[in-house]
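J.: So that we are looking at the same thing, I have put the structure below in structure tokens.
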Amino acid sequence: MLTHTTTRVLEPSDLGAALAVLESEPVANAFVTSRVQIAGLDPWRLGGEMWGWYADGRLRSLCYSGANLVPICAGPEAVRAFADRARRAGRRCSSIVGPAEPTAELWRLLEPGWGPAREVRANQPLMVTESPSADVEPDPLVRRVRKDEMDVLMPACVDMFTEEVGVSPLAGDGGLLYQARVAELIGAGRSFARIDDGKVVFKAEIGATTPQVCQIQGVWVAPEYRGRGLSETGMAAVLRYALADVAPVVSLYVNDYNTPARKAYRRIGFRETGAFMSVLF
């Protein structure tokens, strides 16, 4: 029996159905779910379109198309439909990111027209925990960053972003959007750092948040302080805050080649449950 499928841009009235798809995989979909729960499906507020793939009249898969292109709960047929739509629209995103298998297939279909990519990170382990390890003592000097410390934190954020992504967040608009995001996280109480004598030696943020899960991002240790275990004790401190104040599950994803970070995260209680993939332009 043939299955009737269709793909369209979702509207605000589709919010309930979209959230049902997103919440079916709360950890993997945390980034997009957090945006949708705040902004709904209006493209202007969401910062991009949400594409929906329907099979026999039921919404089965999503694809967020904004600064990132993110396939969500997408099987092979949905991925092909999203790739067709993305090809027609042309590349508007700075990255494709999502669960490794559908993201790899999406990139395979888009690469002939969109490639070459600046970098492909094919295996980024997704790590999760519900409880901290008792083996690592949290750094008592890691705390929430105050609003009046924006100027102290910002250079560390720029260094982290440039080191991780390979380009400066100050390019293009002079960093206005990036500074606004850093300020937003500080204002929300989700930016953490150890600041010694006016210098950031460790920092991390709780980025995406939903009632079910939150995601730690932007983990960074000042180069001259690396190798002293600050990433473990600092992350242990941020993890305690996250579990106590934000959500019952904490996640992050990390590059597979970053062996020291993966070991550190395992020591503080994280376990690997899947993999993401990122294609950077």
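Residues are referred to by chain and number: the chain letter is A, B, ... according to the order shown in the structure tokens, the number counts from 1 in that chain, and ligands are numbered separately from 1 in the order shown.
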At most 9 Å is the cut-off: for each residue in region 12-47 of chain A with any atom that close to an atom of region 247-258 of chain A, write down the nearest atom pair and the distance in Å rounded to one decimal, counting only C-alpha atoms, chain first then increasing number, as JSON lines.

T.:
```
{"residue": "A:Val27", "atom": "CA", "partner": "A:Ser251", "partner_atom": "CA", "distance": 7.0}
{"residue": "A:Ala28", "atom": "CA", "partner": "A:Ser251", "partner_atom": "CA", "distance": 8.9}
{"residue": "A:Ala30", "atom": "CA", "partner": "A:Ser251", "partner_atom": "CA", "distance": 8.9}
```

J.: Can you tell me, as JSON, numbers by chain, what residues are no more than 12 Å from Gly115 (chain A) when counting only C-alpha atoms, ignoring any on the same chain fewer than 3 positions away?

T.: {"A": [87, 90, 91, 95, 96, 107, 108, 109, 110, 111, 112, 118, 119, 120, 279, 280, 281]}

J.: Take the selection from the previous step and output its residues with all heavy atoms, as a CSV table (one decimal), in the first residue's frame.

T.:
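So selection_4.csv came out as:
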```csv
chain,number,residue,atom,x,y,z
A,87,ARG,N,17.7,22.2,-1.1
A,87,ARG,CA,18.3,22.5,-2.4
A,87,ARG,C,17.6,23.6,-3.1
A,87,ARG,O,18.2,24.5,-3.7
A,87,ARG,CB,18.3,21.2,-3.3
A,87,ARG,CG,19.6,20.3,-3.0
A,87,ARG,CD,19.7,19.3,-4.2
A,87,ARG,NE,18.5,18.4,-4.2
A,87,ARG,CZ,18.5,17.2,-3.7
A,87,ARG,NH1,19.5,16.8,-3.0
A,87,ARG,NH2,17.4,16.5,-3.8
A,90,GLY,N,18.2,26.9,-1.4
A,90,GLY,CA,19.6,27.4,-1.4
A,90,GLY,C,20.1,27.5,0.0
A,90,GLY,O,19.4,27.6,1.0
A,91,ARG,N,21.5,27.4,0.1
A,91,ARG,CA,22.0,27.4,1.5
A,91,ARG,C,22.0,28.7,2.1
A,91,ARG,O,22.5,29.7,1.6
A,91,ARG,CB,23.5,26.9,1.4
A,91,ARG,CG,24.1,26.7,2.8
A,91,ARG,CD,25.5,26.2,2.8
A,91,ARG,NE,26.5,27.1,2.3
A,91,ARG,CZ,27.0,28.0,3.1
A,91,ARG,NH1,26.7,28.2,4.3
A,91,ARG,NH2,27.9,28.8,2.6
A,95,SER,N,25.7,26.0,9.3
A,95,SER,CA,26.0,24.6,9.7
A,95,SER,C,24.8,23.7,9.5
A,95,SER,O,23.7,24.2,9.5
A,95,SER,CB,26.5,24.5,11.1
A,95,SER,OG,25.5,24.8,12.0
A,96,ILE,N,25.1,22.4,9.3
A,96,ILE,CA,24.1,21.4,9.5
A,96,ILE,C,24.5,20.6,10.7
A,96,ILE,O,25.6,20.2,10.8
A,96,ILE,CB,24.1,20.4,8.2
A,96,ILE,CG1,23.9,21.2,6.9
A,96,ILE,CG2,23.0,19.4,8.3
A,96,ILE,CD1,24.1,20.4,5.7
A,107,TRP,N,23.6,15.5,4.5
A,107,TRP,CA,24.8,16.1,3.9
A,107,TRP,C,25.2,15.3,2.6
A,107,TRP,O,25.6,16.0,1.6
A,107,TRP,CB,25.9,16.0,4.9
A,107,TRP,CG,27.2,16.6,4.3
A,107,TRP,CD1,28.4,15.9,4.3
A,107,TRP,CD2,27.5,17.8,3.7
A,107,TRP,NE1,29.4,16.7,3.7
A,107,TRP,CE2,28.8,17.9,3.3
A,107,TRP,CE3,26.6,18.9,3.3
A,107,TRP,CZ2,29.4,18.9,2.6
A,107,TRP,CZ3,27.2,20.0,2.7
A,107,TRP,CH2,28.5,20.0,2.3
A,108,ARG,N,25.0,14.0,2.6
A,108,ARG,CA,25.3,13.3,1.3
A,108,ARG,C,24.5,13.8,0.2
A,108,ARG,O,25.0,13.9,-1.0
A,108,ARG,CB,25.1,11.8,1.5
A,108,ARG,CG,25.5,10.9,0.4
A,108,ARG,CD,25.1,9.5,0.5
A,108,ARG,NE,23.7,9.3,0.5
A,108,ARG,CZ,23.0,9.2,-0.7
A,108,ARG,NH1,23.6,9.3,-1.9
A,108,ARG,NH2,21.7,9.0,-0.7
A,109,LEU,N,23.2,14.1,0.4
A,109,LEU,CA,22.4,14.6,-0.6
A,109,LEU,C,22.6,16.0,-1.0
A,109,LEU,O,22.4,16.4,-2.1
A,109,LEU,CB,20.9,14.4,-0.2
A,109,LEU,CG,20.4,13.0,0.0
A,109,LEU,CD1,19.1,12.9,0.7
A,109,LEU,CD2,20.4,12.2,-1.3
A,110,LEU,N,23.1,16.8,0.0
A,110,LEU,CA,23.3,18.3,-0.3
A,110,LEU,C,24.7,18.6,-0.7
A,110,LEU,O,24.9,19.7,-1.3
A,110,LEU,CB,22.9,19.1,1.0
A,110,LEU,CG,21.5,19.1,1.4
A,110,LEU,CD1,21.3,19.8,2.8
A,110,LEU,CD2,20.6,19.8,0.4
A,111,GLU,N,25.6,17.8,-0.4
A,111,GLU,CA,27.0,18.1,-0.7
A,111,GLU,C,27.3,18.4,-2.2
A,111,GLU,O,28.1,19.4,-2.4
A,111,GLU,CB,28.0,17.0,-0.3
A,111,GLU,CG,29.4,17.3,-0.4
A,111,GLU,CD,30.3,16.2,0.1
A,111,GLU,OE1,29.8,15.1,0.4
A,111,GLU,OE2,31.6,16.5,0.2
A,112,PRO,N,26.7,17.7,-3.1
A,112,PRO,CA,27.0,18.1,-4.5
A,112,PRO,C,26.7,19.6,-4.9
A,112,PRO,O,27.4,20.2,-5.7
A,112,PRO,CB,26.1,17.1,-5.3
A,112,PRO,CG,26.0,16.0,-4.5
A,112,PRO,CD,25.9,16.5,-3.1
A,118,ARG,N,33.5,23.6,5.1
A,118,ARG,CA,34.8,24.1,5.7
A,118,ARG,C,35.3,23.0,6.6
A,118,ARG,O,36.5,22.7,6.7
A,118,ARG,CB,34.5,25.3,6.5
A,118,ARG,CG,35.8,25.9,7.2
A,118,ARG,CD,35.5,27.3,7.8
A,118,ARG,NE,34.4,27.3,8.7
A,118,ARG,CZ,34.4,27.0,10.0
A,118,ARG,NH1,35.5,26.6,10.5
A,118,ARG,NH2,33.3,27.1,10.7
A,119,GLU,N,34.4,22.2,7.3
A,119,GLU,CA,34.8,21.1,8.2
A,119,GLU,C,33.6,20.2,8.4
A,119,GLU,O,32.5,20.7,8.5
A,119,GLU,CB,35.4,21.6,9.5
A,119,GLU,CG,35.9,20.6,10.4
A,119,GLU,CD,36.5,21.1,11.7
A,119,GLU,OE1,36.5,22.3,11.8
A,119,GLU,OE2,36.9,20.3,12.5
A,120,VAL,N,33.9,18.9,8.5
A,120,VAL,CA,32.9,17.9,8.8
A,120,VAL,C,33.3,17.2,10.0
A,120,VAL,O,34.4,16.6,10.1
A,120,VAL,CB,32.6,16.9,7.6
A,120,VAL,CG1,31.6,15.9,8.1
A,120,VAL,CG2,32.1,17.7,6.4
A,279,VAL,N,28.3,19.8,10.2
A,279,VAL,CA,28.9,20.2,9.0
A,279,VAL,C,29.0,21.7,9.0
A,279,VAL,O,28.0,22.4,9.1
A,279,VAL,CB,28.1,19.7,7.8
A,279,VAL,CG1,28.7,20.2,6.4
A,279,VAL,CG2,27.8,18.2,7.8
A,280,LEU,N,30.2,22.2,9.0
A,280,LEU,CA,30.5,23.7,9.2
A,280,LEU,C,30.8,24.3,7.8
A,280,LEU,O,31.7,23.8,7.1
A,280,LEU,CB,31.6,23.9,10.2
A,280,LEU,CG,31.5,23.2,11.5
A,280,LEU,CD1,32.7,23.5,12.4
A,280,LEU,CD2,30.2,23.6,12.2
A,281,PHE,N,30.2,25.4,7.5
A,281,PHE,CA,30.5,26.1,6.3
A,281,PHE,C,31.3,27.4,6.5
A,281,PHE,O,31.3,27.9,7.6
A,281,PHE,CB,29.2,26.5,5.6
A,281,PHE,CG,28.3,25.3,5.2
A,281,PHE,CD1,27.2,25.0,5.9
A,281,PHE,CD2,28.7,24.5,4.2
A,281,PHE,CE1,26.5,23.9,5.6
A,281,PHE,CE2,28.0,23.4,3.8
A,281,PHE,CZ,26.8,23.1,4.5
```

J.: Measuring between only C-alpha atoms, which one of A:Leu15, A:Ala86, A:Val152, A:Val201 shows the shortest distance to Val182 (chain A)?

T.: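 The shortest atom-to-atom distance to Val182 (chain A) comes from A:Val152.
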
J.: Out of region 195-279 of chain A, which residues get helix (DSSP H, G or I) from DSSP, as a list in words?

T.: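 Here are the helix (DSSP H, G or I) residues of region 195-279 of chain A: Pro223, Glu224, Tyr225, Leu230, Ser231, Glu232, Thr233, Gly234, Met235, Ala236, Ala237, Val238, Leu239, Arg240, Tyr241, Ala242, Leu243, Ala244, Asp245, Thr259, Pro260, Ala261, Arg262, Lys263, Ala264, Tyr265, Arg266 and Arg267 of chain A.
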
J.: If you count only C-alpha atoms, which residues fall within 9 Å of Ile186 (chain A), apart from same-chain ones fewer than 2 positions away, as a list in words?

T.: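 So, after excluding close chain neighbours, the residues are Arg144, Val145, Arg146, Lys147, Glu149, Met150, Arg181, Val182, Ala183, Glu184, Ala188, Gly189, Arg190, Ser191, Phe192 and Glu205 of chain A.
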
J.: Just the residues within 9 Å of Cys157 (chain A), please, counting only C-alpha atoms, with nothing from its chain fewer than 3 positions along; format it as a PyMOL selection string.

T.: chain A and resi 153-154+160-162+182+203+218+220

J.: With distances taken over only C-alpha atoms, which of A:Ala122, A:Leu106, A:Ile72, A:Ala171 is nearest to Val21 (chain A)?

T.: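 Ranked by minimum distance to Val21 (chain A), first place goes to A:Ile72.
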
J.: Write out as a PyMOL selection string the residues lying within 12 Å of Arg240 (chain A), counting only C-alpha atoms and excluding same-chain residues fewer than 2 positions away.

T.: chain A and resi 129-134+136-140+142-143+192+206+216+233-238+242-250+268-269

J.: Please measure the separation of CA of Gly166 (chain A) and CA of Leu230 (chain A), giving the value in Å to one decimal.

T.: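 Between these atoms lies a distance of 23.3 Å.
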
J.: Considering only strand (DSSP E or B) as DSSP defines it on the backbone, what residues of region 53-225 of chain A qualify? List them as a ChimeraX atom specification.

T.: /A:53-55,58-65,68-72,95-99,119-129,143-144,191-196,199-209,214-221

J.: Using only C-alpha atoms, find the one residue out of A:Ser34, A:Glu25, A:Gly198, A:Val97 that sits nearest to Cys214 (chain A).

T.: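 Closest candidate: A:Ser34.
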
J.: Would you compute the distance between CA of Ala55 (chain A) and CA of Arg92 (chain A)? Give it in Å to one decimal.

T.: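 Going from CA of Ala55 (chain A) over to CA of Arg92 (chain A), I get 26.7 Å.
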
J.: Looking at A:Phe202, A:Leu170, A:Leu41, A:Val36, which one is nearest to Glu23 (chain A), with distances taken over only C-alpha atoms?

T.: A:Val36

J.: Could you check the closest approach to Tyr64 (chain A) for each of A:Glu224, A:Glu163, A:Glu49, A:Asp151 and tell me which residue wins, using only C-alpha atoms?

T.: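 Looking at the shortest contact to Tyr64 (chain A), the residue is A:Glu49.
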